[in-house]
>>> print(open('run-v8.cif').read())   # mmCIF, C-alpha atoms
data_coords
#
loop_
_atom_site.label_atom_id
_atom_site.label_comp_id
_atom_site.auth_asym_id
_atom_site.auth_seq_id
_atom_site.Cartn_x
_atom_site.Cartn_y
_atom_site.Cartn_z
CA ASP A 1 30.16 43.67 116.22
CA THR A 2 30.25 43.89 120.01
CA GLY A 3 29.03 47.49 120.33
CA VAL A 4 25.74 48.76 121.67
CA SER A 5 22.84 47.83 119.43
CA GLN A 6 19.38 49.36 119.24
CA ASN A 7 16.23 48.14 117.55
CA PRO A 8 14.43 49.23 115.57
CA ARG A 9 16.57 51.88 113.91
CA HIS A 10 13.51 53.72 112.67
CA LYS A 11 9.92 53.75 113.90
CA ILE A 12 6.98 55.60 112.42
CA THR A 13 3.79 55.59 114.43
CA LYS A 14 0.52 57.42 114.69
CA ARG A 15 -0.29 59.73 117.54
CA GLY A 16 -1.79 57.86 120.46
CA GLN A 17 -0.05 54.55 119.76
CA ASN A 18 2.41 52.90 122.15
CA VAL A 19 5.98 52.19 121.06
CA THR A 20 8.79 50.16 122.58
CA PHE A 21 12.48 50.35 121.80
CA ARG A 22 15.14 47.84 122.71
CA CYS A 23 18.78 48.37 123.64
CA ASP A 24 21.41 45.65 123.92
CA PRO A 25 24.48 46.97 125.74
CA ILE A 26 28.04 45.76 125.51
CA SER A 27 27.92 42.43 127.28
CA GLU A 28 30.16 43.13 130.27
CA HIS A 29 28.73 46.59 130.94
CA ASN A 30 26.57 46.89 134.03
CA ARG A 31 25.38 50.45 133.48
CA LEU A 32 22.87 51.42 130.83
CA TYR A 33 21.58 54.87 129.93
CA TRP A 34 18.78 56.31 127.83
CA TYR A 35 18.89 59.72 126.14
CA ARG A 36 16.63 61.65 123.82
CA GLN A 37 17.99 63.91 121.10
CA THR A 38 16.01 66.39 119.04
CA LEU A 39 17.25 68.10 115.91
CA GLY A 40 20.06 70.56 116.56
CA GLN A 41 20.33 69.74 120.24
CA GLY A 42 22.65 67.56 122.23
CA PRO A 43 21.43 64.34 123.82
CA GLU A 44 19.15 64.84 126.83
CA PHE A 45 19.61 62.38 129.69
CA LEU A 46 16.46 60.41 130.58
CA THR A 47 17.36 57.57 132.93
CA TYR A 48 20.01 55.02 133.84
CA PHE A 49 20.34 51.55 135.30
CA GLN A 50 23.02 49.81 137.28
CA ASN A 51 22.39 46.15 136.56
CA GLU A 52 18.61 45.78 136.86
CA ALA A 53 18.15 48.68 139.29
CA GLN A 54 16.88 51.94 137.85
CA LEU A 55 18.88 54.47 139.84
CA GLU A 56 17.77 57.68 138.21
CA LYS A 57 14.53 58.32 136.44
CA SER A 58 13.64 61.83 137.41
CA ARG A 59 14.45 63.05 133.95
CA LEU A 60 11.92 60.81 132.25
CA LEU A 61 9.81 63.29 130.41
CA SER A 62 6.40 62.28 131.69
CA ASP A 63 4.60 59.30 133.13
CA ARG A 64 4.05 58.12 129.56
CA PHE A 65 7.74 57.14 129.48
CA SER A 66 9.01 54.06 131.25
CA ALA A 67 12.12 51.95 131.04
CA GLU A 68 13.01 48.47 132.22
CA ARG A 69 16.07 46.28 132.43
CA PRO A 70 14.61 43.10 133.89
CA LYS A 71 17.67 40.86 133.94
CA GLY A 72 20.40 43.44 133.96
CA SER A 73 21.19 42.87 130.31
CA PHE A 74 19.03 44.42 127.57
CA SER A 75 16.70 47.32 128.27
CA THR A 76 13.44 48.58 126.82
CA LEU A 77 12.09 52.10 126.66
CA GLU A 78 8.33 52.41 126.22
CA ILE A 79 6.37 55.49 125.30
CA GLN A 80 2.63 55.25 125.78
CA ARG A 81 0.06 57.36 123.94
CA THR A 82 2.70 58.95 121.73
CA GLU A 83 2.48 62.62 120.83
CA GLN A 84 4.03 64.49 117.93
CA GLY A 85 6.44 66.13 120.35
CA ASP A 86 7.91 62.73 121.12
CA SER A 87 9.46 62.62 117.65
CA ALA A 88 13.21 62.44 118.26
CA MET A 89 16.22 60.16 118.24
CA TYR A 90 16.36 57.87 121.29
CA LEU A 91 19.90 56.90 122.20
CA CYS A 92 21.11 54.16 124.47
CA ALA A 93 24.57 53.97 126.02
CA SER A 94 26.36 51.57 128.31
CA SER A 95 29.42 51.70 130.51
CA LEU A 96 31.39 49.49 132.80
CA GLY A 97 30.65 50.88 136.22
CA THR A 98 33.57 50.19 138.51
CA SER A 99 34.80 51.72 141.72
CA GLY A 100 38.10 53.50 141.75
CA GLY A 101 39.49 56.32 139.73
CA ALA A 102 39.31 55.08 136.15
CA TYR A 103 36.93 56.83 133.82
CA ASN A 104 34.02 54.66 132.71
CA GLU A 105 33.41 55.80 129.17
CA GLN A 106 29.85 55.68 127.91
CA PHE A 107 29.53 53.83 124.60
CA PHE A 108 26.54 54.89 122.55
CA GLY A 109 24.38 52.92 120.19
CA PRO A 110 23.21 54.21 116.79
CA GLY A 111 19.83 55.29 118.14
CA THR A 112 16.19 54.73 117.23
CA ARG A 113 14.59 57.52 115.26
CA LEU A 114 10.93 57.93 116.19
CA THR A 115 8.50 59.82 113.99
CA VAL A 116 5.01 60.40 115.35
CA LEU A 117 2.48 61.36 112.71
CA LEU B 1 25.94 70.08 136.83
CA ALA B 2 28.16 72.96 135.71
CA LYS B 3 26.84 74.81 132.69
CA THR B 4 29.10 74.96 129.63
CA THR B 5 29.27 77.48 126.80
CA GLN B 6 30.71 76.64 123.39
CA PRO B 7 30.65 78.34 120.00
CA ILE B 8 27.70 77.15 117.96
CA SER B 9 29.80 76.47 114.86
CA MET B 10 33.29 76.68 113.42
CA ASP B 11 34.75 76.34 109.93
CA SER B 12 38.18 75.02 109.08
CA TYR B 13 40.15 73.63 106.16
CA GLU B 14 41.79 70.29 105.78
CA GLY B 15 45.23 70.10 107.35
CA GLN B 16 44.65 72.93 109.81
CA GLU B 17 44.73 72.68 113.57
CA VAL B 18 41.35 73.38 115.15
CA ASN B 19 40.86 74.66 118.68
CA ILE B 20 37.41 74.59 120.25
CA THR B 21 37.06 76.43 123.54
CA CYS B 22 34.50 75.66 126.21
CA SER B 23 33.67 77.96 129.12
CA HIS B 24 32.64 76.44 132.47
CA ASN B 25 32.85 79.19 135.06
CA ASN B 26 31.04 77.20 137.75
CA ILE B 27 33.19 74.10 137.58
CA ALA B 28 33.44 72.31 140.94
CA THR B 29 36.58 71.05 142.59
CA ASN B 30 35.93 67.41 141.78
CA ASP B 31 34.62 68.01 138.25
CA TYR B 32 36.35 66.63 135.17
CA ILE B 33 36.08 67.97 131.63
CA THR B 34 35.06 65.46 128.99
CA TRP B 35 34.67 65.88 125.24
CA TYR B 36 32.50 63.81 122.93
CA GLN B 37 32.18 63.79 119.13
CA GLN B 38 29.00 63.04 117.21
CA PHE B 39 28.61 62.33 113.52
CA PRO B 40 25.19 62.64 111.85
CA SER B 41 22.89 59.70 112.54
CA GLN B 42 25.30 58.21 115.07
CA GLY B 43 25.58 58.26 118.84
CA PRO B 44 28.29 60.39 120.49
CA ARG B 45 31.78 58.99 120.89
CA PHE B 46 34.25 59.76 123.68
CA ILE B 47 37.30 61.77 122.62
CA ILE B 48 39.22 62.84 125.71
CA GLN B 49 38.93 63.67 129.40
CA GLY B 50 41.05 65.80 131.70
CA TYR B 51 41.19 67.50 135.08
CA LYS B 52 43.98 70.06 134.76
CA THR B 53 46.92 71.16 132.59
CA LYS B 54 47.22 69.13 129.40
CA VAL B 55 46.05 65.72 128.27
CA THR B 56 46.93 64.19 124.92
CA ASN B 57 45.83 61.01 123.21
CA GLU B 58 46.04 59.69 119.68
CA VAL B 59 43.09 61.80 118.56
CA ALA B 60 43.26 65.16 120.35
CA SER B 61 44.76 67.30 123.07
CA LEU B 62 42.92 68.99 125.89
CA PHE B 63 44.30 72.17 127.45
CA ILE B 64 42.98 73.28 130.85
CA PRO B 65 44.30 76.48 132.47
CA ALA B 66 45.05 76.69 136.15
CA ASP B 67 41.70 78.26 137.09
CA ARG B 68 39.86 75.49 135.15
CA LYS B 69 37.11 77.89 134.11
CA SER B 70 37.63 77.00 130.49
CA SER B 71 39.15 74.27 128.37
CA THR B 72 40.30 73.94 124.78
CA LEU B 73 40.00 70.86 122.63
CA SER B 74 42.72 70.80 119.99
CA LEU B 75 42.40 68.66 116.86
CA PRO B 76 45.65 68.50 114.88
CA ARG B 77 45.56 68.56 111.08
CA VAL B 78 41.84 68.01 110.61
CA SER B 79 40.41 66.13 107.67
CA LEU B 80 36.97 66.12 106.08
CA SER B 81 36.05 63.17 108.29
CA ASP B 82 36.41 65.36 111.38
CA THR B 83 33.26 67.25 110.37
CA ALA B 84 31.00 66.59 113.35
CA VAL B 85 29.46 68.12 116.46
CA TYR B 86 31.77 68.36 119.48
CA TYR B 87 30.35 68.44 123.00
CA CYS B 88 32.05 69.66 126.16
CA LEU B 89 30.75 68.11 129.39
CA VAL B 90 31.66 68.95 132.96
CA GLY B 91 30.94 66.81 135.99
CA ALA B 92 32.30 64.30 138.47
CA ARG B 93 34.52 61.77 136.72
CA ASN B 94 31.96 59.02 136.56
CA PHE B 95 28.82 61.05 136.91
CA ASN B 96 25.85 59.39 135.40
CA LYS B 97 23.72 62.29 134.26
CA PHE B 98 25.48 63.82 131.31
CA TYR B 99 24.46 67.29 130.19
CA PHE B 100 25.50 67.68 126.57
CA GLY B 101 24.34 71.18 125.67
CA SER B 102 24.13 72.12 122.00
CA GLY B 103 27.78 71.47 121.12
CA THR B 104 29.98 73.02 118.44
CA LYS B 105 29.37 72.05 114.86
CA LEU B 106 32.74 71.82 113.11
CA ASN B 107 32.69 72.03 109.33
CA VAL B 108 35.96 71.02 107.64
CA LYS B 109 36.28 72.20 104.06
CA PRO B 110 38.57 70.82 101.35
#
>>> encode(input="run-v8.cif", output="structure tokens")
Amino acid sequence: DTGVSQNPRHKITKRGQNVTFRCDPISEHNRLYWYRQTLGQGPEFLTYFQNEAQLEKSRLLSDRFSAERPKGSFSTLEIQRTEQGDSAMYLCASSLGTSGGAYNEQFFGPGTRLTVL
Amino acid sequence: LAKTTQPISMDSYEGQEVNITCSHNNIATNDYITWYQQFPSQGPRFIIQGYKTKVTNEVASLFIPADRKSSTLSLPRVSLSDTAVYYCLVGARNFNKFYFGSGTKLNVKP
């Protein structure tokens, strides 16, 4: 399977703990995105990378959230000092960012479901 | 990003054609209209994108009137497997900050 993969698929943690999620994009894709989705709502954009550069992070929910993509391949999303309100599905997507007129479809992974007790 | 308005939910029966309309009154000149589909416990999946008039692919058709203030996603002869949430997004063709909204939950009945 050459799609976007995310690990773990499920994470249960206690309030105050730190958690880290991993996303492996489609191999030739240079853009990577993180979203958060709560029940009954559409995905909410958090941040995106072009290669290893984080080009947009203003939507990261607080300074407890951080994301990295150190070598321009996989990415990690870390949440420090988790709160119950952080419980959600965290989605990763990737796309082939090219210049020109073609549409660069975002391909989504299956998500990591976080439950904070 | 232009705000979009869609019905919260729709019901249909197998074999029927389903039309989901999205309103985007503040669409900008260089904005495209993109539709995504999401099944439970999965990430969204691209369906179709258009700028004006009509676009058709193997899955759906997208109708956009001349004023572009709305668009209609048409799903021909739906089946139970088309039960999903459908999102309408508006923005520059390769914009990188998608706004999904709440989408339209389509329920296809046997």
>>> residues_around(input="run-v8.cif", residues="range 45-56 of chain A", least_positions_apart="5", cutoff="7 Å", atoms="only C-alpha atoms", output="short mmCIF file (atom, residue, chain, number, x, y, z; two decimals) with C-alpha atoms, keeping the file's coordinate frame")
data_model
loop_
_atom_site.label_atom_id
_atom_site.label_comp_id
_atom_site.auth_asym_id
_atom_site.auth_seq_id
_atom_site.Cartn_x
_atom_site.Cartn_y
_atom_site.Cartn_z
CA ASN A 30 26.57 46.89 134.03
CA ARG A 31 25.38 50.45 133.48
CA LEU A 32 22.87 51.42 130.83
CA TYR A 33 21.58 54.87 129.93
CA TRP A 34 18.78 56.31 127.83
CA TYR A 35 18.89 59.72 126.14
CA ARG A 36 16.63 61.65 123.82
CA ARG A 69 16.07 46.28 132.43
CA PRO A 70 14.61 43.10 133.89
CA LYS A 71 17.67 40.86 133.94
CA GLY A 72 20.40 43.44 133.96
CA LYS B 97 23.72 62.29 134.26
CA PHE B 98 25.48 63.82 131.31
CA TYR B 99 24.46 67.29 130.19
#
>>> resolve_selection(input="run-v8.cif", expression="the PyMOL selection byres ((chain B and resi 76-78) around 7)", output="number ranges by chain")
B: 14-18, 60, 74-75, 79-80, 82
>>> closest_residue(input="run-v8.cif", among="B:Ile8, B:Ile27, B:Ile64, B:Val108", to="chain A", atoms="all atoms listed in the file")
B:Ile8
>>> closest_atom_pairs(input="run-v8.cif", of="chain B", to="chain A", cutoff="9 Å", atoms="all atoms listed in the file", output="tab-separated table")
residue	atom	partner	partner_atom	distance
B:Ser41	CA	A:Pro110	CA	7.0
B:Gln42	CA	A:Pro110	CA	4.8
B:Gly43	CA	A:Phe108	CA	5.1
B:Pro44	CA	A:Phe108	CA	6.1
B:Arg45	CA	A:Phe107	CA	6.7
B:Phe46	CA	A:Glu105	CA	6.8
B:Gln49	CA	A:Tyr103	CA	8.4
B:Val85	CA	A:Gly42	CA	8.9
B:Tyr87	CA	A:Gly42	CA	7.8
B:Arg93	CA	A:Tyr103	CA	6.2
B:Asn94	CA	A:Tyr103	CA	6.1
B:Asn96	CA	A:Tyr48	CA	7.5
B:Lys97	CA	A:Phe45	CA	6.1
B:Phe98	CA	A:Phe45	CA	6.3
B:Tyr99	CA	A:Glu44	CA	6.7
B:Phe100	CA	A:Gly42	CA	5.2
B:Gly101	CA	A:Gly42	CA	5.3
B:Ser102	CA	A:Gly42	CA	4.8
B:Gly103	CA	A:Gly42	CA	6.5
>>> residues_around(input="run-v8.cif", residues="range 70-73 of chain B", least_positions_apart="2", cutoff="9 Å", atoms="all atoms listed in the file", output="number ranges by chain")
B: 4, 18-25, 27, 33, 35, 48, 60-65, 67-68, 75, 88
>>> residues_around(input="run-v8.cif", residues="Ser9 in chain B", least_positions_apart="4", cutoff="8 Å", atoms="all atoms listed in the file", output="MDAnalysis selection string")
chainID B and resid 104:107
>>> write_last_selection(input="run-v8.cif", atoms="C-alpha atoms", output="mmCIF file, in the coordinates of the input")
data_model
loop_
_atom_site.group_PDB
_atom_site.id
_atom_site.type_symbol
_atom_site.label_atom_id
_atom_site.label_comp_id
_atom_site.auth_asym_id
_atom_site.auth_seq_id
_atom_site.Cartn_x
_atom_site.Cartn_y
_atom_site.Cartn_z
ATOM 1 C CA THR B 104 29.980 73.020 118.440
ATOM 2 C CA LYS B 105 29.370 72.050 114.860
ATOM 3 C CA LEU B 106 32.740 71.820 113.110
ATOM 4 C CA ASN B 107 32.690 72.030 109.330
#
>>> residues_near_point(input="run-v8.cif", point="(5.4, 51.4, 124.4)", cutoff="6 Å", atoms="only C-alpha atoms", output="list in words")
Asn18, Val19, Thr20, Glu78, Ile79 and Gln80 of chain A
>>> residues_around(input="run-v8.cif", residues="Gly85 in chain A", least_positions_apart="4", cutoff="10 Å", atoms="all atoms listed in the file", output="PyMOL selection string")
chain A and resi 15+38+115-117
>>> residues_around(input="run-v8.cif", residues="His29 in chain A", least_positions_apart="4", cutoff="7 Å", atoms="all atoms listed in the file", output="list in words")
Pro25, Ser94, Ser95 and Leu96 of chain A
>>> atom_distance(input="run-v8.cif", atom1="CA of Tyr36 in chain B", atom2="CA of Gln6 in chain B")
13.0 Å
>>> atom_distance(input="run-v8.cif", atom1="CA of Pro8 in chain A", atom2="CA of Arg22 in chain A")
7.3 Å
>>> resolve_selection(input="run-v8.cif", expression="the PyMOL selection byres ((chain A and resi 63) around 12)", output="number ranges by chain")
A: 57-62, 64-67, 78-82
>>> decode(input="run-v8.cif", residues="range 42-57 of chain A", atoms="N, CA, C and O atoms", output="mmCIF file, in the first residue's frame")
data_model
loop_
_atom_site.group_PDB
_atom_site.id
_atom_site.type_symbol
_atom_site.label_atom_id
_atom_site.label_comp_id
_atom_site.auth_asym_id
_atom_site.auth_seq_id
_atom_site.Cartn_x
_atom_site.Cartn_y
_atom_site.Cartn_z
ATOM 1 N N GLY A 42 -16.068 19.065 10.161
ATOM 2 C CA GLY A 42 -15.102 18.765 9.126
ATOM 3 C C GLY A 42 -13.685 18.929 9.646
ATOM 4 O O GLY A 42 -13.466 19.513 10.714
ATOM 5 N N PRO A 43 -12.712 18.430 8.915
ATOM 6 C CA PRO A 43 -11.317 18.600 9.343
ATOM 7 C C PRO A 43 -10.943 20.070 9.451
ATOM 8 O O PRO A 43 -11.338 20.889 8.623
ATOM 9 N N GLU A 44 -10.155 20.390 10.474
ATOM 10 C CA GLU A 44 -9.690 21.750 10.735
ATOM 11 C C GLU A 44 -8.194 21.802 10.453
ATOM 12 O O GLU A 44 -7.407 21.085 11.062
ATOM 13 N N PHE A 45 -7.815 22.656 9.520
ATOM 14 C CA PHE A 45 -6.405 22.768 9.129
ATOM 15 C C PHE A 45 -5.551 23.236 10.310
ATOM 16 O O PHE A 45 -5.912 24.174 11.032
ATOM 17 N N LEU A 46 -4.384 22.602 10.499
ATOM 18 C CA LEU A 46 -3.464 22.993 11.565
ATOM 19 C C LEU A 46 -2.176 23.605 11.009
ATOM 20 O O LEU A 46 -1.774 24.695 11.407
ATOM 21 N N THR A 47 -1.518 22.871 10.104
ATOM 22 C CA THR A 47 -0.227 23.317 9.618
ATOM 23 C C THR A 47 0.137 22.547 8.354
ATOM 24 O O THR A 47 -0.459 21.506 8.066
ATOM 25 N N TYR A 48 1.121 23.098 7.588
ATOM 26 C CA TYR A 48 1.612 22.318 6.459
ATOM 27 C C TYR A 48 3.085 22.589 6.200
ATOM 28 O O TYR A 48 3.633 23.626 6.602
ATOM 29 N N PHE A 49 3.699 21.628 5.549
ATOM 30 C CA PHE A 49 5.113 21.666 5.202
ATOM 31 C C PHE A 49 5.279 21.551 3.698
ATOM 32 O O PHE A 49 4.541 20.822 3.035
ATOM 33 N N GLN A 50 6.268 22.252 3.193
ATOM 34 C CA GLN A 50 6.769 21.973 1.853
ATOM 35 C C GLN A 50 8.198 21.480 2.044
ATOM 36 O O GLN A 50 9.053 22.242 2.514
ATOM 37 N N ASN A 51 8.410 20.240 1.720
ATOM 38 C CA ASN A 51 9.670 19.556 2.080
ATOM 39 C C ASN A 51 9.837 19.661 3.603
ATOM 40 O O ASN A 51 8.921 19.332 4.334
ATOM 41 N N GLU A 52 10.977 20.149 4.072
ATOM 42 C CA GLU A 52 11.159 20.217 5.529
ATOM 43 C C GLU A 52 10.730 21.556 6.116
ATOM 44 O O GLU A 52 10.735 21.745 7.327
ATOM 45 N N ALA A 53 10.369 22.509 5.275
ATOM 46 C CA ALA A 53 10.007 23.845 5.734
ATOM 47 C C ALA A 53 8.530 23.906 6.147
ATOM 48 O O ALA A 53 7.645 23.538 5.374
ATOM 49 N N GLN A 54 8.307 24.385 7.345
ATOM 50 C CA GLN A 54 6.941 24.552 7.835
ATOM 51 C C GLN A 54 6.459 25.936 7.386
ATOM 52 O O GLN A 54 6.883 26.952 7.930
ATOM 53 N N LEU A 55 5.587 25.976 6.412
ATOM 54 C CA LEU A 55 5.214 27.234 5.778
ATOM 55 C C LEU A 55 4.009 27.891 6.414
ATOM 56 O O LEU A 55 3.737 29.060 6.170
ATOM 57 N N GLU A 56 3.254 27.163 7.176
ATOM 58 C CA GLU A 56 2.059 27.730 7.776
ATOM 59 C C GLU A 56 1.817 27.020 9.082
ATOM 60 O O GLU A 56 1.619 25.807 9.089
ATOM 61 N N LYS A 57 1.869 27.730 10.153
ATOM 62 C CA LYS A 57 1.580 27.101 11.441
ATOM 63 C C LYS A 57 0.713 27.970 12.320
ATOM 64 O O LYS A 57 0.550 27.717 13.491
#
